[in-house]
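S.K.: Here it is, the structure in full.
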Amino acid sequence: MNQDMTSHSLNKDRLKRYFDVSVPVTTCNLRCSYCYATQLRVTPAKLKPLPYSLSHIRKALSRERLGGTCLFNLCGAGETLLAPYIVELTREMLEEGHYVMLVTNGLPTKRIKELTEDIPVELRKHLILKISFHFMELKSKGLLEEYFANIRLVEHSGISFTVELTPSDDQIPYIDEIKALCLKNLGALCHITVARDESKPGVPILSALSREEYVKVWGQFDSPLFDFKMQIFGEPRKEFCYNGLWGGCIVLETGSISQCYRLKPTRIFDNTSAPIDFCPAGDCEKSHCHNGHSWLTLGVIPELVTPTYLEIRDRVTVDGRHWVGEEMRQFLSQKLAENNEQLTARDKRQVRIKNRFNNTFYSLKKSISGLIHRR
């Protein structure tokens, strides 16, 4: 029996569903050229309070209502940790029994200290920070020392972490410096993600390099995250997708859930005692699964062979330490299909018919609303 299977069989917490949660933050303390908010010219807005109390959100997303222990990815369009309620919200979700991932640039020192001090040690074991490494901005602003000091603070507190760099052409001359910084401060090379050009049809790779050159340049970091993202980039998914049934996208500002990005939302926070209609997306019309490194590795397409989410996030340091702690490693090594029933061929056909009608109606409704608005 391999190590993943052994640790995973000992884990009492079974991964039932995965949710990507949009936190209403567009403000950021950095301004990176490759940022999607920058590309789409999202105007930073003043931080607003949530329309629901944190206890209400916890009740709406309780283990009982969701059917078990879930994994939540909390991410804003800006810097997630700038949300004043984010530490308390994270603690509420952890106390409910869920596991939480927080996306951050690693710079809000005050908030990071709150995470490491205000959240009990046992709960920290179910939290992971996905820390972006914005090298050019950190270097130009003289923030590299503070950045790595915050990561050390996270690691020493028992919170899991992973570090990823968004590759951009202007960073290529600094690759050797980036590697040296990572080995010195992290004990391992950072992971590499893939930047998308959100302003163009098909959402291509954001680079002047050819695909082959891009892989050669950034592949030298030996990042399983980069390898898998490049494997699925530009590959449309034709299989039946269980996203929507085994998870979905939640928007905190509206209290709504959708099967996937930009699909019809359904409000689920208004009546926390009402059951949630979890319906799989089935077919996907996107050019590729934009966040497939999460959805696909967690198993929303059961027959697709992928690494586990753990395998593309963890690193083992030169002295044998793991970035991801033991309990989080066990949880992130699971596949959703192991803990959920799959549909029959007949059920899948019915889902496709239902979704085709709902999506057509939703698109028509949006088009009419847009015409009225423009008038």
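Ligands are numbered from 1 in the order shown, chains are lettered A, B, ... in the order of the structure tokens, and residues start at 1 in each chain.
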With only C-alpha atoms as the counted atoms, please give the residues lying no more than 10 Å from Glu137 in chain A, apart from itself and same-chain residues fewer than 6 positions off, as a VMD selection string.
M.R.: chain A and resid 29 to 33 143 to 144
S.K.: Looking only at the backbone, which of the residues in range 229-366 of chain A does DSSP tag as alpha helix (DSSP H), as a ChimeraX atom specification?
M.R.: /A:229-232,292-298,309-313,326-332,345-366
S.K.: Could you write out that same residue set with N, CA and C atoms as a CSV table (one decimal), in the first residue's frame?
M.R.:
```csv
chain,number,residue,atom,x,y,z
A,229,LYS,N,-0.7,21.9,-14.7
A,229,LYS,CA,-1.5,23.0,-15.3
A,229,LYS,C,-1.1,23.1,-16.8
A,230,MET,N,0.1,22.9,-17.2
A,230,MET,CA,0.4,22.9,-18.6
A,230,MET,C,-0.1,21.7,-19.3
A,231,GLN,N,-0.3,20.6,-18.6
A,231,GLN,CA,-0.9,19.4,-19.2
A,231,GLN,C,-2.3,19.6,-19.6
A,232,ILE,N,-3.1,20.4,-18.8
A,232,ILE,CA,-4.5,20.6,-19.0
A,232,ILE,C,-4.8,21.9,-19.7
A,292,GLY,N,-8.4,23.9,-13.0
A,292,GLY,CA,-8.4,22.5,-13.0
A,292,GLY,C,-7.4,21.9,-12.1
A,293,HIS,N,-6.4,22.7,-11.7
A,293,HIS,CA,-5.4,22.2,-10.7
A,293,HIS,C,-6.1,21.9,-9.4
A,294,SER,N,-7.2,22.5,-9.2
A,294,SER,CA,-8.0,22.2,-8.0
A,294,SER,C,-9.1,21.2,-8.3
A,295,TRP,N,-10.0,21.6,-9.2
A,295,TRP,CA,-11.2,20.7,-9.5
A,295,TRP,C,-10.8,19.3,-9.9
A,296,LEU,N,-9.9,19.3,-10.9
A,296,LEU,CA,-9.5,18.0,-11.5
A,296,LEU,C,-8.7,17.1,-10.5
A,297,THR,N,-7.8,17.7,-9.8
A,297,THR,CA,-7.0,16.9,-8.9
A,297,THR,C,-7.8,16.4,-7.7
A,298,LEU,N,-8.8,17.1,-7.4
A,298,LEU,CA,-9.7,16.7,-6.3
A,298,LEU,C,-10.7,15.7,-6.8
A,309,TYR,N,-4.3,16.5,-5.1
A,309,TYR,CA,-4.1,18.0,-4.8
A,309,TYR,C,-2.9,18.1,-3.9
A,310,LEU,N,-2.7,17.2,-3.0
A,310,LEU,CA,-1.5,17.2,-2.1
A,310,LEU,C,-0.2,17.2,-2.9
A,311,GLU,N,-0.2,16.4,-3.9
A,311,GLU,CA,1.1,16.2,-4.7
A,311,GLU,C,1.5,17.5,-5.5
A,312,ILE,N,0.5,18.3,-5.8
A,312,ILE,CA,0.9,19.5,-6.6
A,312,ILE,C,1.0,20.7,-5.7
A,313,ARG,N,0.9,20.5,-4.4
A,313,ARG,CA,1.0,21.7,-3.4
A,313,ARG,C,2.1,21.5,-2.4
A,326,GLU,N,0.7,17.1,8.6
A,326,GLU,CA,0.3,15.7,8.4
A,326,GLU,C,-1.2,15.6,8.2
A,327,GLU,N,-2.0,16.2,9.1
A,327,GLU,CA,-3.5,16.1,8.9
A,327,GLU,C,-4.0,16.7,7.6
A,328,MET,N,-3.4,17.8,7.2
A,328,MET,CA,-3.8,18.4,6.0
A,328,MET,C,-3.3,17.6,4.8
A,329,ARG,N,-2.2,16.9,4.9
A,329,ARG,CA,-1.7,16.0,3.9
A,329,ARG,C,-2.7,14.9,3.7
A,330,GLN,N,-3.2,14.3,4.8
A,330,GLN,CA,-4.1,13.2,4.7
A,330,GLN,C,-5.4,13.7,4.0
A,331,PHE,N,-5.9,14.8,4.3
A,331,PHE,CA,-7.1,15.3,3.8
A,331,PHE,C,-7.0,15.6,2.3
A,332,LEU,N,-5.9,16.3,1.9
A,332,LEU,CA,-5.7,16.7,0.5
A,332,LEU,C,-5.3,15.6,-0.4
A,345,ALA,N,-25.7,6.3,-16.2
A,345,ALA,CA,-25.8,6.9,-17.6
A,345,ALA,C,-27.1,7.6,-17.8
A,346,ARG,N,-28.2,7.1,-17.3
A,346,ARG,CA,-29.5,7.7,-17.4
A,346,ARG,C,-29.6,9.0,-16.7
A,347,ASP,N,-29.1,9.0,-15.5
A,347,ASP,CA,-29.1,10.2,-14.6
A,347,ASP,C,-28.3,11.3,-15.3
A,348,LYS,N,-27.2,10.9,-15.9
A,348,LYS,CA,-26.3,11.9,-16.6
A,348,LYS,C,-27.1,12.5,-17.8
A,349,ARG,N,-27.8,11.7,-18.5
A,349,ARG,CA,-28.6,12.3,-19.6
A,349,ARG,C,-29.6,13.3,-19.1
A,350,GLN,N,-30.3,13.0,-18.0
A,350,GLN,CA,-31.3,13.9,-17.5
A,350,GLN,C,-30.7,15.2,-17.0
A,351,VAL,N,-29.5,15.1,-16.4
A,351,VAL,CA,-28.8,16.3,-15.9
A,351,VAL,C,-28.4,17.2,-17.1
A,352,ARG,N,-28.0,16.6,-18.2
A,352,ARG,CA,-27.6,17.4,-19.4
A,352,ARG,C,-28.8,18.1,-19.9
A,353,ILE,N,-30.0,17.4,-20.0
A,353,ILE,CA,-31.2,18.1,-20.5
A,353,ILE,C,-31.6,19.2,-19.6
A,354,LYS,N,-31.6,19.0,-18.3
A,354,LYS,CA,-31.9,20.0,-17.3
A,354,LYS,C,-31.0,21.2,-17.4
A,355,ASN,N,-29.7,21.0,-17.5
A,355,ASN,CA,-28.7,22.1,-17.5
A,355,ASN,C,-28.8,22.9,-18.8
A,356,ARG,N,-29.1,22.1,-19.9
A,356,ARG,CA,-29.2,22.8,-21.2
A,356,ARG,C,-30.4,23.8,-21.2
A,357,PHE,N,-31.5,23.4,-20.6
A,357,PHE,CA,-32.6,24.3,-20.5
A,357,PHE,C,-32.3,25.5,-19.5
A,358,ASN,N,-31.8,25.2,-18.3
A,358,ASN,CA,-31.5,26.2,-17.3
A,358,ASN,C,-30.5,27.2,-17.8
A,359,ASN,N,-29.4,26.8,-18.5
A,359,ASN,CA,-28.3,27.7,-19.0
A,359,ASN,C,-28.8,28.5,-20.1
A,360,THR,N,-29.7,28.0,-21.0
A,360,THR,CA,-30.2,28.8,-22.1
A,360,THR,C,-31.1,29.9,-21.5
A,361,PHE,N,-32.0,29.5,-20.6
A,361,PHE,CA,-32.9,30.5,-20.0
A,361,PHE,C,-32.1,31.6,-19.2
A,362,TYR,N,-31.0,31.2,-18.5
A,362,TYR,CA,-30.2,32.1,-17.8
A,362,TYR,C,-29.5,33.1,-18.7
A,363,SER,N,-28.9,32.6,-19.8
A,363,SER,CA,-28.2,33.4,-20.8
A,363,SER,C,-29.2,34.4,-21.5
A,364,LEU,N,-30.4,33.9,-21.8
A,364,LEU,CA,-31.4,34.8,-22.4
A,364,LEU,C,-31.8,35.9,-21.4
A,365,LYS,N,-32.0,35.5,-20.1
A,365,LYS,CA,-32.4,36.5,-19.1
A,365,LYS,C,-31.3,37.6,-18.9
A,366,LYS,N,-30.0,37.2,-19.0
A,366,LYS,CA,-28.9,38.1,-18.8
A,366,LYS,C,-28.9,39.1,-20.0
```
S.K.: Would you work out the distance separating CA of Gly320 in chain A from CA of His191 in chain A, expressed in Å to one decimal?
M.R.: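 Interatomic distance, CA of Gly320 in chain A to CA of His191 in chain A: 17.2 Å.
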S.K.: CA of Phe278 in chain A to CA of Thr26 in chain A: how many Å, to one decimal?
M.R.: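 Interatomic distance, CA of Phe278 in chain A to CA of Thr26 in chain A: 28.8 Å.
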S.K.: Identify, on the basis of only C-alpha atoms, every residue whose closest approach to Glu164 in chain A does not exceed 8 Å; exclude the query and any residue fewer than 5 positions from it along the same chain; express the result as a ChimeraX atom specification.
M.R.: /A:130-133,190-193
S.K.: Let's see if you can do this: from backbone DSSP, list all strand (DSSP E or B) residues in range 241-294 of chain A, as number ranges by chain.
M.R.: A: 241, 247-251, 256-258, 266-267, 282
S.K.: Let me see the file: selected residues, N, CA and C atoms, as a PDB file, in the first residue's frame.
M.R.:
```pdb
ATOM      1  N   CYS A 241     -18.729  16.204 -15.806  1.00  0.00           N
ATOM      2  CA  CYS A 241     -18.127  16.869 -14.643  1.00  0.00           C
ATOM      3  C   CYS A 241     -19.112  16.904 -13.473  1.00  0.00           C
ATOM      4  N   GLY A 247     -19.499  19.985  -5.069  1.00  0.00           N
ATOM      5  CA  GLY A 247     -18.922  21.271  -4.681  1.00  0.00           C
ATOM      6  C   GLY A 247     -19.514  22.385  -5.510  1.00  0.00           C
ATOM      7  N   GLY A 248     -18.754  23.457  -5.698  1.00  0.00           N
ATOM      8  CA  GLY A 248     -19.244  24.564  -6.503  1.00  0.00           C
ATOM      9  C   GLY A 248     -18.555  25.860  -6.144  1.00  0.00           C
ATOM     10  N   CYS A 249     -19.094  26.961  -6.682  1.00  0.00           N
ATOM     11  CA  CYS A 249     -18.527  28.285  -6.464  1.00  0.00           C
ATOM     12  C   CYS A 249     -19.486  29.111  -5.608  1.00  0.00           C
ATOM     13  N   ILE A 250     -18.994  29.636  -4.514  1.00  0.00           N
ATOM     14  CA  ILE A 250     -19.808  30.421  -3.588  1.00  0.00           C
ATOM     15  C   ILE A 250     -19.355  31.878  -3.612  1.00  0.00           C
ATOM     16  N   VAL A 251     -20.314  32.794  -3.654  1.00  0.00           N
ATOM     17  CA  VAL A 251     -20.029  34.230  -3.604  1.00  0.00           C
ATOM     18  C   VAL A 251     -20.558  34.764  -2.277  1.00  0.00           C
ATOM     19  N   SER A 256     -24.685  33.264  -2.646  1.00  0.00           N
ATOM     20  CA  SER A 256     -25.155  32.376  -3.709  1.00  0.00           C
ATOM     21  C   SER A 256     -24.119  31.326  -4.069  1.00  0.00           C
ATOM     22  N   ILE A 257     -24.602  30.283  -4.718  1.00  0.00           N
ATOM     23  CA  ILE A 257     -23.739  29.202  -5.174  1.00  0.00           C
ATOM     24  C   ILE A 257     -24.043  28.924  -6.640  1.00  0.00           C
ATOM     25  N   SER A 258     -23.018  28.526  -7.394  1.00  0.00           N
ATOM     26  CA  SER A 258     -23.213  28.103  -8.783  1.00  0.00           C
ATOM     27  C   SER A 258     -22.402  26.838  -9.015  1.00  0.00           C
ATOM     28  N   THR A 266     -27.528  30.419  -7.433  1.00  0.00           N
ATOM     29  CA  THR A 266     -28.708  30.165  -6.611  1.00  0.00           C
ATOM     30  C   THR A 266     -28.412  30.649  -5.197  1.00  0.00           C
ATOM     31  N   ARG A 267     -29.303  31.447  -4.637  1.00  0.00           N
ATOM     32  CA  ARG A 267     -29.097  31.971  -3.285  1.00  0.00           C
ATOM     33  C   ARG A 267     -29.305  30.854  -2.251  1.00  0.00           C
ATOM     34  N   GLY A 282     -22.112  18.705 -15.435  1.00  0.00           N
ATOM     35  CA  GLY A 282     -22.178  17.801 -16.580  1.00  0.00           C
ATOM     36  C   GLY A 282     -21.208  18.200 -17.664  1.00  0.00           C
TER      37      GLY A 282
END
```
S.K.: What's the 9 Å shell around Ile178 in chain A, counting only C-alpha atoms, without same-chain residues fewer than 5 positions away, as a ChimeraX atom specification?
M.R.: /A:135,171,183,189-190
